[in-house]
>>> print(open('input-v7.pdb').read())   # PDB, C-alpha atoms
MODEL        1
ATOM      1  CA  MET A   1      45.219  39.350 140.447  1.00  0.00           C
ATOM      2  CA  GLU A   2      45.483  37.268 137.260  1.00  0.00           C
ATOM      3  CA  PRO A   3      45.934  33.870 138.945  1.00  0.00           C
ATOM      4  CA  GLU A   4      42.814  34.551 140.982  1.00  0.00           C
ATOM      5  CA  CYS A   5      40.555  35.963 138.265  1.00  0.00           C
ATOM      6  CA  GLY A   6      42.132  34.985 134.958  1.00  0.00           C
ATOM      7  CA  ASN A   7      43.694  36.989 132.141  1.00  0.00           C
ATOM      8  CA  GLY A   8      42.396  40.463 131.376  1.00  0.00           C
ATOM      9  CA  PHE A   9      41.065  41.257 134.833  1.00  0.00           C
ATOM     10  CA  SER A  10      43.134  43.944 136.491  1.00  0.00           C
ATOM     11  CA  LYS A  11      42.525  45.300 139.959  1.00  0.00           C
ATOM     12  CA  ILE A  12      41.020  48.467 138.443  1.00  0.00           C
ATOM     13  CA  GLN A  13      38.720  46.448 136.189  1.00  0.00           C
ATOM     14  CA  ASN A  14      37.532  44.393 139.165  1.00  0.00           C
ATOM     15  CA  GLU A  15      36.803  47.594 141.103  1.00  0.00           C
ATOM     16  CA  ILE A  16      34.676  48.820 138.188  1.00  0.00           C
ATOM     17  CA  PHE A  17      32.800  45.491 138.157  1.00  0.00           C
ATOM     18  CA  ARG A  18      32.191  45.806 141.898  1.00  0.00           C
ATOM     19  CA  GLN A  19      30.951  49.383 141.563  1.00  0.00           C
ATOM     20  CA  PHE A  20      28.699  48.275 138.703  1.00  0.00           C
ATOM     21  CA  TYR A  21      27.146  45.539 140.858  1.00  0.00           C
ATOM     22  CA  ARG A  22      26.673  47.887 143.822  1.00  0.00           C
ATOM     23  CA  THR A  23      24.999  50.490 141.611  1.00  0.00           C
ATOM     24  CA  LEU A  24      22.847  48.101 139.541  1.00  0.00           C
ATOM     25  CA  PRO A  25      22.644  44.851 141.552  1.00  0.00           C
ATOM     26  CA  ILE A  26      19.586  43.405 139.821  1.00  0.00           C
ATOM     27  CA  ALA A  27      20.535  41.899 136.478  1.00  0.00           C
ATOM     28  CA  ASN A  28      16.924  42.141 135.259  1.00  0.00           C
ATOM     29  CA  THR A  29      17.211  45.925 135.170  1.00  0.00           C
ATOM     30  CA  LEU A  30      20.105  45.854 132.720  1.00  0.00           C
ATOM     31  CA  TYR A  31      19.426  46.852 129.162  1.00  0.00           C
ATOM     32  CA  SER A  32      21.036  45.096 126.228  1.00  0.00           C
ATOM     33  CA  GLN A  33      20.786  48.355 124.260  1.00  0.00           C
ATOM     34  CA  LEU A  34      23.539  49.852 126.418  1.00  0.00           C
ATOM     35  CA  SER A  35      27.210  49.047 126.059  1.00  0.00           C
ATOM     36  CA  TRP A  36      29.656  48.326 128.862  1.00  0.00           C
ATOM     37  CA  SER A  37      31.250  51.723 128.142  1.00  0.00           C
ATOM     38  CA  GLN A  38      27.910  53.462 128.665  1.00  0.00           C
ATOM     39  CA  TYR A  39      27.336  51.584 131.921  1.00  0.00           C
ATOM     40  CA  LYS A  40      30.824  52.580 133.122  1.00  0.00           C
ATOM     41  CA  ILE A  41      29.838  56.232 132.666  1.00  0.00           C
ATOM     42  CA  LEU A  42      26.456  55.772 134.325  1.00  0.00           C
ATOM     43  CA  ILE A  43      27.754  54.074 137.479  1.00  0.00           C
ATOM     44  CA  ARG A  44      29.844  57.161 138.237  1.00  0.00           C
ATOM     45  CA  LEU A  45      26.691  59.213 138.766  1.00  0.00           C
ATOM     46  CA  ASP A  46      25.845  59.984 142.379  1.00  0.00           C
ATOM     47  CA  ASN A  47      22.109  59.455 142.233  1.00  0.00           C
ATOM     48  CA  GLN A  48      19.963  56.468 141.234  1.00  0.00           C
ATOM     49  CA  ASP A  49      17.310  58.770 139.723  1.00  0.00           C
ATOM     50  CA  LYS A  50      19.950  60.343 137.463  1.00  0.00           C
ATOM     51  CA  ILE A  51      21.144  56.896 136.397  1.00  0.00           C
ATOM     52  CA  GLU A  52      17.630  55.805 135.508  1.00  0.00           C
ATOM     53  CA  PHE A  53      16.970  59.071 133.666  1.00  0.00           C
ATOM     54  CA  TYR A  54      20.116  58.771 131.558  1.00  0.00           C
ATOM     55  CA  ILE A  55      19.479  55.084 130.853  1.00  0.00           C
ATOM     56  CA  ALA A  56      16.006  55.933 129.527  1.00  0.00           C
ATOM     57  CA  GLU A  57      17.274  58.881 127.485  1.00  0.00           C
ATOM     58  CA  THR A  58      20.187  56.906 126.065  1.00  0.00           C
ATOM     59  CA  ILE A  59      17.871  54.155 124.890  1.00  0.00           C
ATOM     60  CA  LYS A  60      15.183  56.536 123.616  1.00  0.00           C
ATOM     61  CA  ASN A  61      17.638  58.731 121.708  1.00  0.00           C
ATOM     62  CA  ASN A  62      20.118  55.990 120.803  1.00  0.00           C
ATOM     63  CA  TRP A  63      23.018  58.022 122.222  1.00  0.00           C
ATOM     64  CA  THR A  64      26.586  56.951 121.651  1.00  0.00           C
ATOM     65  CA  VAL A  65      29.069  56.947 124.529  1.00  0.00           C
ATOM     66  CA  ARG A  66      30.263  60.427 123.564  1.00  0.00           C
ATOM     67  CA  GLN A  67      26.730  61.769 123.308  1.00  0.00           C
ATOM     68  CA  LEU A  68      25.871  60.336 126.729  1.00  0.00           C
ATOM     69  CA  GLU A  69      28.969  61.925 128.254  1.00  0.00           C
ATOM     70  CA  ARG A  70      28.156  65.257 126.638  1.00  0.00           C
ATOM     71  CA  GLN A  71      24.586  65.191 127.971  1.00  0.00           C
ATOM     72  CA  ILE A  72      25.727  64.321 131.492  1.00  0.00           C
ATOM     73  CA  TYR A  73      28.423  66.985 131.605  1.00  0.00           C
ATOM     74  CA  SER A  74      26.128  69.627 130.154  1.00  0.00           C
ATOM     75  CA  SER A  75      23.616  68.761 132.904  1.00  0.00           C
ATOM     76  CA  LEU A  76      20.701  67.792 130.691  1.00  0.00           C
TER
ENDMDL
END
>>> encode(input="input-v7.pdb", output="structure tokens")
Amino acid sequence: MEPECGNGFSKIQNEIFRQFYRTLPIANTLYSQLSWSQYKILIRLDNQDKIEFYIAETIKNNWTVRQLERQIYSSL
């Protein structure tokens, strides 16, 4: 994979990038307040409404990655 994509891009990482694009294809909807780690958690959700809800709550409450995970798994 490296010769094709360059250093640091494993097959797993490329799959995550692909899933990210399929989940949030419009770059204008991305928020600079969120980290890549937070987006990786969000794209695992099964529902676009849930993703949008957790994006808004993460920004509003300034949640860390761990706080976001805790809220998702406690079914906020």
>>> resolve_selection(input="input-v7.pdb", expression="the PyMOL selection byres ((chain A and resi 58-70) around 10)", output="number ranges by chain")
A: 31-42, 52-57, 71-76
>>> atom_distance(input="input-v7.pdb", atom1="CA of Thr23 (chain A)", atom2="CA of Asp49 (chain A)")
11.5 Å
>>> atom_distance(input="input-v7.pdb", atom1="CA of Lys50 (chain A)", atom2="CA of Gln13 (chain A)")
23.4 Å
>>> atom_distance(input="input-v7.pdb", atom1="CA of Leu24 (chain A)", atom2="CA of Ile51 (chain A)")
9.5 Å
>>> residues_near_point(input="input-v7.pdb", point="(29.9, 50.8, 142.2)", cutoff="12 Å", atoms="all atoms listed in the file", output="number ranges by chain")
A: 12-25, 39-48
